[in-house]
Amino acid sequence: MVFYLVPVLGGVAVYLAMPGARRDGRFGPVVLGAIGLGAMVVILAGAIGHSRVLFYVLAMLAVVTAVRVVTHRKPVYSAVYFLGVVVCVAGIALLAGAEFLAAALVIVYAGAILVTYLFVIMLAQQSIPPEYDLQAREPAFAALAGFVLIAALAGPIVYRPPPEGASAREPRAGTVDSGKAGGRSASGLPNGQTWHPGNTLTVGTELMTVHVVAFETAGVLLLVGIVGGIALATRRLGAPANGSVGGAP
Amino acid sequence: MIAGATVLVTFQWQCVLLGAVLFGLGLVGFVARRNLIVMFLSTEVMLQGVLVNLLGFNAVYPTLNGQSFALFVLVIAAVEAAVGLGMIVLLFRRRATLDSEAWKQMSG
């Protein structure tokens, strides 16, 4: 049943991509087509049981969208492509059995942080594309530095010595994977049934027991962020640049 | 197959490789772009690389430290976006440009 959404998405994408269907119909079909292709790959990978195929697809999509984030001339498009990176990373989190992290990624990044970015981009939008968006600053040296870093980080990974014995193991599906934090036995279940705590429960328990101090510190940090954001946003302009401005006493 | 290369069989090393690539791409964007907002977005791409890295190592060890730390990275990213974008709005209201070159004098 879900599979039929894929051809529907593909049809809509092809329609939107037709010349004259929409004036700015260049971006929508790409997104729709990508979603359709992604859904098809998910279904196919589920059918043939290849989660590795899924990882490669997600990784390639993440890299492609990340390249577009850093190369696109319009900041709005950069932000929307960043959404693609976040969704791909959330998919990889799902593959790793980290369902709670995947949900938190989509909610916090795609839902909150990206909207803040879009608001700021809209606030600072200019009618003609400004010069600083059209001309990068030392693109050759930047690419050199970045890709030398990539090579330096990836080289030892690709050319690492072969593992001795069973050092690393494959991650398994969600319930099995989350059971590794386990030690939590079910009480009150009928005989013969085992109870697997979900990933959300195990991560939440971990946060509130092992990392409770860091958890509270993160809460304080969020509070400081709120205070800082409000203090920055309510500053008055026109004050002398060297004097005390805004909320300073 | 690359000569002498070990096959990337495990999820951990796949994740580490992807994290490295994302981090490097974010670095390129941060250095090369002049728009303050895009520079900030590039740092977010770097943070995504870090998240993928944490996920990969979380799959190896029998604890949930990787996932927990990834959640804290998420908190840091949210706070950074709030404060940083507030600063960017302030800078834009002062100079009416998002060009990072406009604030060159801050580099001393």
# chains A, B, ... in the order shown; residues from 1 in each chain; ligands from 1
>>> residues_around(residues="Thr200 (chain A)", least_positions_apart="4", cutoff="10 Å", atoms="only C-alpha atoms", output="NGL selection string")
:A and (98-101 or 103 or 178 or 204-206)
>>> residues_around(residues="Val52 (chain B)", least_positions_apart="6", cutoff="8 Å", atoms="only C-alpha atoms", output="list in words")
Val89, Ile92 and Ala93 of chain A; Cys15, Val16, Leu18 and Gly19 of chain B
>>> residues_around(residues="Arg94 (chain B)", least_positions_apart="3", cutoff="8 Å", atoms="only C-alpha atoms", output="list of chain:residue names")
A:Leu237, B:Leu90, B:Leu91
>>> interface_residues(of="chain B", to="chain A", cutoff="7 Å", atoms="only C-alpha atoms", output="short mmCIF file (atom, residue, chain, number, x, y, z; two decimals) with N, CA and C atoms, in the first residue's frame")
data_model
loop_
_atom_site.label_atom_id
_atom_site.label_comp_id
_atom_site.auth_asym_id
_atom_site.auth_seq_id
_atom_site.Cartn_x
_atom_site.Cartn_y
_atom_site.Cartn_z
N GLY B 4 45.36 -2.25 -1.53
CA GLY B 4 45.81 -2.17 -0.16
C GLY B 4 44.77 -1.65 0.82
N ALA B 5 43.61 -1.31 0.30
CA ALA B 5 42.60 -0.76 1.19
C ALA B 5 41.82 -1.88 1.87
N THR B 6 41.49 -1.65 3.11
CA THR B 6 40.63 -2.58 3.81
C THR B 6 39.18 -2.21 3.50
N LEU B 8 35.46 -1.35 3.79
CA LEU B 8 34.72 -0.68 4.86
C LEU B 8 33.53 -1.56 5.24
N THR B 10 32.34 -2.49 8.36
CA THR B 10 31.52 -2.26 9.54
C THR B 10 30.87 -0.90 9.50
N PHE B 11 29.72 -0.86 10.15
CA PHE B 11 28.95 0.37 10.23
C PHE B 11 29.75 1.49 10.89
N TRP B 13 32.99 2.20 10.77
CA TRP B 13 33.95 2.92 9.93
C TRP B 13 33.26 3.64 8.79
N LEU B 17 33.83 7.62 8.35
CA LEU B 17 34.21 8.20 7.05
C LEU B 17 33.23 9.29 6.64
N LEU B 18 31.94 9.00 6.77
CA LEU B 18 30.94 10.00 6.39
C LEU B 18 31.07 11.24 7.28
N ALA B 20 33.76 12.37 8.66
CA ALA B 20 34.94 13.13 8.23
C ALA B 20 34.62 13.96 6.99
N VAL B 21 33.90 13.36 6.05
CA VAL B 21 33.57 14.09 4.82
C VAL B 21 32.68 15.28 5.13
N LEU B 22 31.67 15.07 5.96
CA LEU B 22 30.77 16.18 6.30
C LEU B 22 31.52 17.28 7.02
N GLY B 24 34.71 18.03 6.78
CA GLY B 24 35.56 18.75 5.83
C GLY B 24 34.76 19.69 4.94
N LEU B 25 33.59 19.23 4.50
CA LEU B 25 32.76 20.09 3.66
C LEU B 25 32.32 21.33 4.43
N LEU B 27 33.92 22.69 6.81
CA LEU B 27 35.10 23.56 6.96
C LEU B 27 35.32 24.38 5.70
N VAL B 28 35.17 23.73 4.53
CA VAL B 28 35.31 24.46 3.27
C VAL B 28 34.33 25.63 3.23
N GLY B 29 33.07 25.33 3.57
CA GLY B 29 32.06 26.38 3.54
C GLY B 29 32.36 27.51 4.51
N VAL B 31 35.22 28.52 5.62
CA VAL B 31 36.37 29.33 5.22
C VAL B 31 36.05 30.14 3.96
N ALA B 32 35.34 29.51 3.02
CA ALA B 32 35.22 30.14 1.71
C ALA B 32 34.06 31.12 1.62
N ARG B 33 32.98 30.86 2.31
CA ARG B 33 31.81 31.71 2.12
C ARG B 33 31.97 33.02 2.88
N ARG B 34 31.34 34.07 2.36
CA ARG B 34 31.45 35.37 2.99
C ARG B 34 30.17 35.79 3.67
N ASN B 35 29.07 35.10 3.35
CA ASN B 35 27.81 35.42 4.00
C ASN B 35 27.80 34.84 5.42
N VAL B 38 25.50 31.81 5.92
CA VAL B 38 25.98 30.57 5.31
C VAL B 38 27.18 30.03 6.08
N SER B 42 27.40 26.35 7.67
CA SER B 42 28.53 25.44 7.48
C SER B 42 28.97 24.83 8.81
N VAL B 45 26.78 22.03 9.48
CA VAL B 45 27.15 20.84 8.72
C VAL B 45 28.29 20.11 9.43
N VAL B 52 27.31 12.13 13.28
CA VAL B 52 27.46 10.84 12.59
C VAL B 52 28.61 10.05 13.21
N LEU B 55 27.49 8.54 16.41
CA LEU B 55 26.61 7.40 16.16
C LEU B 55 27.42 6.16 15.79
N ALA B 59 27.76 2.55 18.04
CA ALA B 59 27.38 1.21 17.60
C ALA B 59 28.38 0.15 18.04
N VAL B 60 29.56 0.56 18.48
CA VAL B 60 30.60 -0.41 18.81
C VAL B 60 30.58 -0.75 20.29
N PRO B 62 29.26 -1.11 24.19
CA PRO B 62 27.99 -1.57 24.75
C PRO B 62 27.36 -0.57 25.72
N THR B 63 27.62 0.70 25.52
CA THR B 63 26.95 1.70 26.34
C THR B 63 26.18 2.64 25.44
N LEU B 64 25.45 3.54 26.05
CA LEU B 64 24.70 4.52 25.27
C LEU B 64 25.34 5.89 25.34
N GLN B 67 25.02 8.07 22.04
CA GLN B 67 23.72 8.70 21.80
C GLN B 67 23.46 9.83 22.78
N SER B 68 23.83 9.62 24.05
CA SER B 68 23.61 10.67 25.04
C SER B 68 24.42 11.92 24.68
N LEU B 71 22.91 13.88 21.96
CA LEU B 71 21.81 14.75 22.40
C LEU B 71 22.34 16.05 22.97
N PHE B 72 23.46 15.97 23.69
CA PHE B 72 24.04 17.21 24.23
C PHE B 72 24.58 18.09 23.11
N VAL B 75 21.78 20.05 21.92
CA VAL B 75 21.48 21.20 22.78
C VAL B 75 22.43 22.35 22.45
N ALA B 78 21.46 24.07 19.31
CA ALA B 78 20.30 24.94 19.44
C ALA B 78 20.68 26.26 20.09
N VAL B 79 21.45 26.19 21.18
CA VAL B 79 21.84 27.43 21.86
C VAL B 79 22.71 28.29 20.95
N ALA B 81 22.71 28.37 17.71
CA ALA B 81 21.90 29.00 16.67
C ALA B 81 21.15 30.20 17.22
N ALA B 82 20.58 30.06 18.42
CA ALA B 82 19.81 31.17 18.98
C ALA B 82 20.69 32.39 19.20
N VAL B 83 21.80 32.20 19.90
CA VAL B 83 22.66 33.34 20.23
C VAL B 83 23.36 33.88 18.98
N LEU B 85 22.51 33.65 15.78
CA LEU B 85 21.63 34.35 14.84
C LEU B 85 21.18 35.69 15.41
N GLY B 86 21.00 35.75 16.74
CA GLY B 86 20.71 37.05 17.34
C GLY B 86 21.83 38.04 17.08
N MET B 87 23.07 37.57 17.20
CA MET B 87 24.21 38.45 16.92
C MET B 87 24.24 38.86 15.46
N VAL B 89 21.69 39.18 13.43
CA VAL B 89 20.67 40.19 13.20
C VAL B 89 21.16 41.55 13.68
N ASP B 99 28.03 40.65 4.87
CA ASP B 99 29.39 40.33 4.45
C ASP B 99 30.31 40.27 5.67
#
>>> residues_around(residues="Leu47 (chain B)", least_positions_apart="3", cutoff="8 Å", atoms="only C-alpha atoms", output="compact mmCIF listing (two decimals) with C-alpha atoms, in the first residue's frame")
# COMPACT_ATOMS: atom_id res chain seq x y z
CA PHE B 23 33.17 17.89 8.67
CA THR B 43 29.28 25.05 11.17
CA GLU B 44 26.01 23.19 11.48
CA VAL B 50 30.33 15.06 14.59
CA LEU B 51 26.90 13.54 15.21
CA VAL B 73 25.57 18.22 20.90
CA ALA B 77 23.64 23.49 18.41
>>> atom_distance(atom1="CA of Val80 (chain A)", atom2="CA of Ile35 (chain A)")
14.0 Å
>>> atom_distance(atom1="CA of Ala102 (chain A)", atom2="CA of Val87 (chain A)")
8.5 Å
>>> atom_distance(atom1="CA of Gly38 (chain A)", atom2="CA of Gly49 (chain B)")
21.0 Å
>>> decode(residues="region 186-232 of chain A", atoms="N, CA and C atoms", output="mmCIF file, in the first residue's frame")
data_model
loop_
_atom_site.group_PDB
_atom_site.id
_atom_site.type_symbol
_atom_site.label_atom_id
_atom_site.label_comp_id
_atom_site.auth_asym_id
_atom_site.auth_seq_id
_atom_site.Cartn_x
_atom_site.Cartn_y
_atom_site.Cartn_z
ATOM 1 N N ALA A 186 11.575 -7.574 32.784
ATOM 2 C CA ALA A 186 10.158 -7.261 32.835
ATOM 3 C C ALA A 186 9.527 -7.900 34.060
ATOM 4 N N SER A 187 8.656 -7.157 34.659
ATOM 5 C CA SER A 187 7.882 -7.726 35.752
ATOM 6 C C SER A 187 6.412 -7.538 35.411
ATOM 7 N N GLY A 188 5.636 -8.506 35.717
ATOM 8 C CA GLY A 188 4.222 -8.386 35.457
ATOM 9 C C GLY A 188 3.813 -8.736 34.054
ATOM 10 N N LEU A 189 4.714 -9.363 33.319
ATOM 11 C CA LEU A 189 4.343 -9.817 31.988
ATOM 12 C C LEU A 189 3.925 -11.284 32.073
ATOM 13 N N PRO A 190 3.092 -11.710 31.144
ATOM 14 C CA PRO A 190 2.731 -13.130 31.118
ATOM 15 C C PRO A 190 3.952 -14.008 30.907
ATOM 16 N N ASN A 191 3.830 -15.216 31.283
ATOM 17 C CA ASN A 191 4.962 -16.145 31.189
ATOM 18 C C ASN A 191 5.403 -16.287 29.738
ATOM 19 N N GLY A 192 6.699 -16.396 29.566
ATOM 20 C CA GLY A 192 7.233 -16.677 28.247
ATOM 21 C C GLY A 192 7.395 -15.462 27.384
ATOM 22 N N GLN A 193 6.939 -14.296 27.827
ATOM 23 C CA GLN A 193 7.105 -13.112 27.006
ATOM 24 C C GLN A 193 8.257 -12.284 27.547
ATOM 25 N N THR A 194 9.114 -11.863 26.637
ATOM 26 C CA THR A 194 10.197 -10.972 27.047
ATOM 27 C C THR A 194 9.843 -9.557 26.621
ATOM 28 N N TRP A 195 10.317 -8.632 27.396
ATOM 29 C CA TRP A 195 9.974 -7.239 27.161
ATOM 30 C C TRP A 195 11.230 -6.477 26.797
ATOM 31 N N HIS A 196 11.242 -5.908 25.608
ATOM 32 C CA HIS A 196 12.398 -5.122 25.183
ATOM 33 C C HIS A 196 12.094 -3.652 25.414
ATOM 34 N N PRO A 197 12.877 -2.995 26.249
ATOM 35 C CA PRO A 197 12.673 -1.556 26.400
ATOM 36 C C PRO A 197 13.050 -0.847 25.110
ATOM 37 N N GLY A 198 12.265 0.135 24.732
ATOM 38 C CA GLY A 198 12.555 0.870 23.503
ATOM 39 C C GLY A 198 13.779 1.737 23.669
ATOM 40 N N ASN A 199 14.228 2.243 22.553
ATOM 41 C CA ASN A 199 15.414 3.090 22.567
ATOM 42 C C ASN A 199 15.180 4.357 23.367
ATOM 43 N N THR A 200 13.964 4.913 23.265
ATOM 44 C CA THR A 200 13.662 6.136 24.006
ATOM 45 C C THR A 200 13.772 5.900 25.512
ATOM 46 N N LEU A 201 13.261 4.760 25.949
ATOM 47 C CA LEU A 201 13.293 4.463 27.388
ATOM 48 C C LEU A 201 14.728 4.284 27.876
ATOM 49 N N THR A 202 15.522 3.549 27.103
ATOM 50 C CA THR A 202 16.888 3.305 27.577
ATOM 51 C C THR A 202 17.714 4.591 27.559
ATOM 52 N N VAL A 203 17.538 5.382 26.496
ATOM 53 C CA VAL A 203 18.302 6.636 26.442
ATOM 54 C C VAL A 203 17.838 7.575 27.544
ATOM 55 N N GLY A 204 16.542 7.630 27.765
ATOM 56 C CA GLY A 204 16.029 8.503 28.824
ATOM 57 C C GLY A 204 16.521 8.077 30.184
ATOM 58 N N THR A 205 16.541 6.773 30.423
ATOM 59 C CA THR A 205 17.060 6.284 31.699
ATOM 60 C C THR A 205 18.533 6.622 31.858
ATOM 61 N N GLU A 206 19.271 6.447 30.763
ATOM 62 C CA GLU A 206 20.701 6.781 30.793
ATOM 63 C C GLU A 206 20.899 8.257 31.111
ATOM 64 N N LEU A 207 20.086 9.110 30.463
ATOM 65 C CA LEU A 207 20.241 10.548 30.680
ATOM 66 C C LEU A 207 19.922 10.918 32.119
ATOM 67 N N MET A 208 18.903 10.338 32.667
ATOM 68 C CA MET A 208 18.456 10.762 33.990
ATOM 69 C C MET A 208 19.179 10.051 35.125
ATOM 70 N N THR A 209 20.008 9.081 34.808
ATOM 71 C CA THR A 209 20.763 8.422 35.881
ATOM 72 C C THR A 209 22.267 8.685 35.751
ATOM 73 N N VAL A 210 22.832 8.286 34.602
ATOM 74 C CA VAL A 210 24.288 8.388 34.471
ATOM 75 C C VAL A 210 24.695 9.825 34.214
ATOM 76 N N HIS A 211 23.953 10.484 33.312
ATOM 77 C CA HIS A 211 24.359 11.817 32.866
ATOM 78 C C HIS A 211 23.476 12.906 33.458
ATOM 79 N N VAL A 212 22.999 12.716 34.678
ATOM 80 C CA VAL A 212 21.984 13.654 35.168
ATOM 81 C C VAL A 212 22.582 15.035 35.405
ATOM 82 N N VAL A 213 23.843 15.104 35.827
ATOM 83 C CA VAL A 213 24.464 16.413 36.067
ATOM 84 C C VAL A 213 24.637 17.167 34.746
ATOM 85 N N ALA A 214 25.123 16.428 33.741
ATOM 86 C CA ALA A 214 25.270 17.050 32.421
ATOM 87 C C ALA A 214 23.909 17.464 31.872
ATOM 88 N N PHE A 215 22.892 16.672 32.160
ATOM 89 C CA PHE A 215 21.539 16.989 31.697
ATOM 90 C C PHE A 215 21.068 18.312 32.291
ATOM 91 N N GLU A 216 21.267 18.467 33.598
ATOM 92 C CA GLU A 216 20.855 19.717 34.242
ATOM 93 C C GLU A 216 21.689 20.887 33.736
ATOM 94 N N THR A 217 22.984 20.626 33.508
ATOM 95 C CA THR A 217 23.836 21.686 32.966
ATOM 96 C C THR A 217 23.354 22.125 31.587
ATOM 97 N N ALA A 218 22.910 21.142 30.792
ATOM 98 C CA ALA A 218 22.380 21.491 29.478
ATOM 99 C C ALA A 218 21.127 22.354 29.615
ATOM 100 N N GLY A 219 20.309 22.048 30.616
ATOM 101 C CA GLY A 219 19.139 22.889 30.849
ATOM 102 C C GLY A 219 19.527 24.309 31.196
ATOM 103 N N VAL A 220 20.536 24.451 32.063
ATOM 104 C CA VAL A 220 21.018 25.788 32.427
ATOM 105 C C VAL A 220 21.562 26.502 31.194
ATOM 106 N N LEU A 221 22.269 25.735 30.353
ATOM 107 C CA LEU A 221 22.835 26.327 29.137
ATOM 108 C C LEU A 221 21.725 26.837 28.228
ATOM 109 N N LEU A 222 20.646 26.065 28.111
ATOM 110 C CA LEU A 222 19.517 26.518 27.301
ATOM 111 C C LEU A 222 18.930 27.797 27.868
ATOM 112 N N LEU A 223 18.836 27.864 29.203
ATOM 113 C CA LEU A 223 18.307 29.076 29.838
ATOM 114 C C LEU A 223 19.195 30.273 29.536
ATOM 115 N N VAL A 224 20.510 30.053 29.631
ATOM 116 C CA VAL A 224 21.451 31.134 29.319
ATOM 117 C C VAL A 224 21.283 31.568 27.869
ATOM 118 N N GLY A 225 21.067 30.573 26.981
ATOM 119 C CA GLY A 225 20.849 30.905 25.582
ATOM 120 C C GLY A 225 19.613 31.750 25.379
ATOM 121 N N ILE A 226 18.535 31.412 26.106
ATOM 122 C CA ILE A 226 17.308 32.209 25.992
ATOM 123 C C ILE A 226 17.572 33.634 26.444
ATOM 124 N N VAL A 227 18.222 33.764 27.615
ATOM 125 C CA VAL A 227 18.498 35.106 28.146
ATOM 126 C C VAL A 227 19.377 35.890 27.169
ATOM 127 N N GLY A 228 20.408 35.212 26.640
ATOM 128 C CA GLY A 228 21.293 35.897 25.699
ATOM 129 C C GLY A 228 20.567 36.313 24.439
ATOM 130 N N GLY A 229 19.719 35.429 23.919
ATOM 131 C CA GLY A 229 18.973 35.768 22.714
ATOM 132 C C GLY A 229 18.073 36.962 22.914
ATOM 133 N N ILE A 230 17.389 36.998 24.058
ATOM 134 C CA ILE A 230 16.490 38.132 24.320
ATOM 135 C C ILE A 230 17.301 39.405 24.513
ATOM 136 N N ALA A 231 18.417 39.289 25.254
ATOM 137 C CA ALA A 231 19.242 40.477 25.490
ATOM 138 C C ALA A 231 19.797 41.026 24.190
ATOM 139 N N LEU A 232 20.150 40.128 23.256
ATOM 140 C CA LEU A 232 20.668 40.606 21.979
ATOM 141 C C LEU A 232 19.560 41.213 21.132
#
